[in-house]
Each structure stands twice: as C-alpha cells, then as structure tokens.
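Participant: Please see the structure below; I have some questions.
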Amino acid sequence: MNGSPAVVPETDPAESDTAVIRPAARLRGEPGLPGDKSISHRALLLAALAAGESRIDDAGDGDDIRTTATLIQRLGVEVERLAADGRRVTYRIVSPGVDGLHEADGVLDCRNSGTTLRLSAGILAGLAATHVLDGDSSLRRRPVARIIEPLRSMGAVLHARRNDSLPPLTVVGRTRLRAVDVTTVVPSAQVKSAVLLAGLRADGRTTVREAIATRDHTERMLRARGVPVSFEAAEGGPGAAWTVEGGLRVRAVAERVPADVSAAAFWLVAGAIHPDAELTLRSVGVNPTRRAVLELLGRMGARIDEFGVGDGPDDGVGEPVADLTVRSSQLEAIDI
C-alpha cells in the first residue's frame, strides 16, 4: 500500500524503544484484512459437529483462532492448515461428527480466548464426557456464571472456582440434554451461541431470549448448514428470541470467511480523517449487528462507498459481504 508512514528511530534501537512516526503524505491502496474472528471461531466449531469434510477459506489466523483449532483437534477432529499468509488461513477439517467426538486427554487450554471457552462449553455440555476448560491468567478472570446457569438447567453438570464464577470450568456433559426456554441475564452472543449449540443435543425446542438482540453469526451459520433457527422480535422493543430444534444434524460445507469489520474500522477512520486518502477494503462482513461504525461515520459525513459482493445462506456463512471504499472527508460532530 502506498503512503505508509516513515518510522525513524530517535536513538540507537539497542539503547531505546522510542521512535518518531511521521505522517503519511497520502493513503492509497487496498489494506489486507484478517478473516472475521467471530465467524472463524464458529466455522471451526461447527465443522467439528459436522460429519465429513469441511473447508474454511480466509479464516483469521490469530492466536485465539488457533486455540479453537487445537481444541477441536483434541476432541478427535482432523485439522489441516493448507495455506496461511499471516492474516488469513485455509483449513481442511475432517470430523467424525458430533457422535464421534471423544473425550480429550487432559485439560483443554483455551489460552486467552473467552470465545473458545464459552462456545465450546455449549458443545461439551452435550457430550457424555468430562472436560476441564482452562486458560491463562487473563482468561481466569473472565466470568463464566452466565453460561453455567443455562447449561445446568439443560442437565449438564458444570463447576468453576470462586462459587462457580471463574475458570477453570469443569463440564460433565450428557446425552441427551433437556430443551429449555431461557432469558439471558446479560445480553451476550457468546452465551446465546453456547445455549443454541447445546440445544442441538437436546430433546425438543430450545429458545434463548435477549433483552437486546446481539450479533447473529451462529444463527446464520447454522441455517447455512441445514439447521433451521427461528427468530422472533420482541414486541415494541429491541429484544429478540431464537429457537433451535434438538437432534438436527449440522452439514459439512465449504465456506469463505469475510474480512473482519472490526479490523476494517481502523482503516475506515484513517481514510476519512486523512487529507489525501482513498482506500478500498475487500470482502468485508457487513452484518447488520456489526456495522455501527459504518452508520456512525456516515452520519458524520464520511465518504464511504459500499458495493455488495455476497449475501446468501448457501455460502457456508450466510453473511452479507461488501467491498468498501473510503475517501478523505469533511467530518462533522454527532451525538452517539
């Protein structure tokens, strides 16, 4: 990309870590973006549930995603990295299906990934096995009570330290689970996803209700894999309810993960505030529950063109995807 800022050491790098960063005179090009982190996690976990071969192109290649890949491998899933460029990676996944997953030998290390811990707990709750989910010192400060309560109500046995509030988290799963109708205490896409994934192993219809609708990647991806997920908006409010039927099989698919809109946000702001900029961001996920940055920048007067390049339930993701071009803009203050 043209116009990268010059970084000139203030002193000898061996003696100091101080540097002077000079502004770029212009910004032009197509910055590379990682695959969407939230979708990459879910793609790996759903591939583990699906019997057969799945392919995941352009997944994010950060540490958290690798942690999820290692976790499903520990459960008996074949995970092959076919290509990687530092931002994105292609995975080939071969799974025996949910009934073929086996108990992992030893603790499942989720490292620093709360998404890995919470979503995998929903899957493990429906396996007749015992697992311990742990992680680094940061993860051990992340709350887990909000997933323990609904999964316990489904018949799984879960325990954690500090009165069931903090990891490590022990999950003693069972088959089959009880279907439930639960309202989340704190609206959370991770909690909702954990319960819906457990609901696939439940006897009946499992419903999750939220006071405020959260991101819906799991629901879209389940539909793209042949699992109907019904949606009901709350009357006169921002809440919603999602329902999944137990006993349905997840289909193996080939999919392409869109670029992460959270990573794109930095470039969108940079392009809008720079006096001489034109940046194009390719294949960015523009899910309605994730595109607030686009709406807010638009209200401020940012010049952002959006060209839809994909939106459908048959691509393995079911997500709206667009190319975004941002240009130098005269911005105005707004209230948020």
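Chain identifiers are assigned as A, B, and so on, following the order in which chains appear in the structure tokens; residues are numbered from 1 within each chain, and ligands are numbered from 1 in order of appearance.
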Counting only C-alpha atoms, what is within 6 Å of Ser329 (chain A), bar same-chain residues fewer than 3 positions away, as an MDAnalysis selection string?

Facilitator: chainID A and resid 272 302:303

Participant: Give me the residues within 6 Å of Thr206 (chain A) as a list in words, counting only C-alpha atoms and dropping any in the same chain fewer than 6 places off.

Facilitator: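 That gives Ala179, Val180, Asp181, Gly199, Thr243 and Val244 of chain A.
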
Participant: Could you dump the residues just selected with C-alpha atoms as a compact mmCIF listing (two decimals), in the first residue's frame?

Facilitator:
```txt
# COMPACT_ATOMS: atom_id res chain seq x y z
CA ALA A 179 -34.67 -28.42 25.96
CA VAL A 180 -35.13 -25.09 27.75
CA ASP A 181 -36.60 -21.63 27.28
CA GLY A 199 -29.75 -27.19 22.08
CA THR A 243 -35.18 -21.19 18.73
CA VAL A 244 -33.43 -24.35 17.53
```

Participant: Residues near Ser188 (chain A), anyone? I mean within 12 Å using only C-alpha atoms, not counting same-chain ones fewer than 3 positions away, as JSON, numbers by chain.

Facilitator: {"A": [115, 118, 119, 144, 146, 147, 183, 184, 185, 191, 192, 193, 194, 195, 208, 209, 210, 211, 212, 213, 214, 215, 216, 239]}

Participant: Give me every helix (DSSP H, G or I) residue in region 72-316 of chain A, going by DSSP on the backbone, as a count of residues only.

Facilitator: 74

Participant: Which value, in Å to one decimal, gives the distance between CA of Leu133 (chain A) and CA of Leu46 (chain A)?

Facilitator: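 Rounded to one decimal, the two atoms are 18.5 Å apart.
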
Participant: In region 60-305 of chain A, what's strand (DSSP E or B) per DSSP? Answer as a PyMOL selection string?

Facilitator: chain A and resi 60+78-84+88-95+108-109+130-134+157-160+166-172+177-178+181-183+202-203+205-210+229-233+240-245+254-256+259+277-285+303-305

Participant: Fewer than 6 positions away in the same chain doesn't count, so skip those; otherwise give me all residues within 7 Å of region 248-254 of chain A, counting only C-alpha atoms, as JSON, numbers by chain.

Facilitator: {"A": [47, 49, 50, 51, 52, 53, 54, 55, 56, 200, 225, 226, 227, 316]}

Participant: Go ahead and write the selection's residues with N, CA, C and O atoms as an mmCIF file, in the first residue's frame.

Facilitator:
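Below is the file that was written, result25.cif:
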```
data_model
loop_
_atom_site.group_PDB
_atom_site.id
_atom_site.type_symbol
_atom_site.label_atom_id
_atom_site.label_comp_id
_atom_site.auth_asym_id
_atom_site.auth_seq_id
_atom_site.Cartn_x
_atom_site.Cartn_y
_atom_site.Cartn_z
ATOM 1 N N ALA A 47 -17.732 -27.029 12.090
ATOM 2 C CA ALA A 47 -17.108 -28.083 11.285
ATOM 3 C C ALA A 47 -16.841 -29.321 12.133
ATOM 4 O O ALA A 47 -16.921 -30.455 11.643
ATOM 5 N N LEU A 49 -18.745 -30.372 14.495
ATOM 6 C CA LEU A 49 -20.029 -31.048 14.703
ATOM 7 C C LEU A 49 -20.527 -31.765 13.451
ATOM 8 O O LEU A 49 -21.386 -32.645 13.539
ATOM 9 N N ALA A 50 -19.995 -31.389 12.293
ATOM 10 C CA ALA A 50 -20.494 -31.914 11.014
ATOM 11 C C ALA A 50 -19.676 -33.113 10.567
ATOM 12 O O ALA A 50 -18.447 -33.030 10.443
ATOM 13 N N ALA A 51 -20.335 -34.227 10.304
ATOM 14 C CA ALA A 51 -19.637 -35.416 9.811
ATOM 15 C C ALA A 51 -19.178 -35.168 8.376
ATOM 16 O O ALA A 51 -19.945 -34.708 7.538
ATOM 17 N N GLY A 52 -17.907 -35.473 8.126
ATOM 18 C CA GLY A 52 -17.379 -35.316 6.782
ATOM 19 C C GLY A 52 -16.341 -34.224 6.701
ATOM 20 O O GLY A 52 -15.769 -33.791 7.711
ATOM 21 N N GLU A 53 -16.077 -33.763 5.477
ATOM 22 C CA GLU A 53 -15.017 -32.793 5.229
ATOM 23 C C GLU A 53 -15.579 -31.387 5.039
ATOM 24 O O GLU A 53 -16.481 -31.172 4.227
ATOM 25 N N SER A 54 -15.042 -30.450 5.797
ATOM 26 C CA SER A 54 -15.369 -29.033 5.659
ATOM 27 C C SER A 54 -14.111 -28.294 5.224
ATOM 28 O O SER A 54 -12.988 -28.692 5.541
ATOM 29 N N ARG A 55 -14.310 -27.201 4.508
ATOM 30 C CA ARG A 55 -13.187 -26.351 4.115
ATOM 31 C C ARG A 55 -13.515 -24.923 4.516
ATOM 32 O O ARG A 55 -14.612 -24.427 4.247
ATOM 33 N N ILE A 56 -12.554 -24.276 5.158
ATOM 34 C CA ILE A 56 -12.733 -22.902 5.622
ATOM 35 C C ILE A 56 -11.636 -22.052 4.997
ATOM 36 O O ILE A 56 -10.461 -22.175 5.350
ATOM 37 N N LEU A 200 -28.735 -28.263 20.155
ATOM 38 C CA LEU A 200 -28.679 -29.263 19.087
ATOM 39 C C LEU A 200 -28.680 -30.678 19.648
ATOM 40 O O LEU A 200 -29.048 -31.625 18.955
ATOM 41 N N ARG A 225 -25.918 -24.358 7.210
ATOM 42 C CA ARG A 225 -25.543 -25.776 7.325
ATOM 43 C C ARG A 225 -26.753 -26.676 7.496
ATOM 44 O O ARG A 225 -26.646 -27.796 7.963
ATOM 45 N N GLY A 226 -27.917 -26.187 7.139
ATOM 46 C CA GLY A 226 -29.111 -27.015 7.119
ATOM 47 C C GLY A 226 -29.878 -27.118 8.415
ATOM 48 O O GLY A 226 -30.776 -27.951 8.538
ATOM 49 N N VAL A 227 -29.555 -26.289 9.399
ATOM 50 C CA VAL A 227 -30.246 -26.319 10.692
ATOM 51 C C VAL A 227 -31.124 -25.076 10.804
ATOM 52 O O VAL A 227 -30.610 -23.961 10.944
ATOM 53 N N GLY A 316 -22.089 -21.083 3.136
ATOM 54 C CA GLY A 316 -21.498 -21.632 4.346
ATOM 55 C C GLY A 316 -21.449 -20.648 5.493
ATOM 56 O O GLY A 316 -21.178 -21.016 6.623
#
```

Participant: From the options A:Gly155, A:Gly62, A:Pro228, A:Pro168, which residue's atoms come nearest to Gly122 (chain A), counting only C-alpha atoms?

Facilitator: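 Using only C-alpha atoms, Gly122 (chain A) sits closest to A:Gly155.
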
Participant: Considering only C-alpha atoms, state which residue in the set A:Thr218, A:Thr207, A:Gln73, A:Gln330 is at the smallest distance from Glu232 (chain A).

Facilitator: A:Thr207
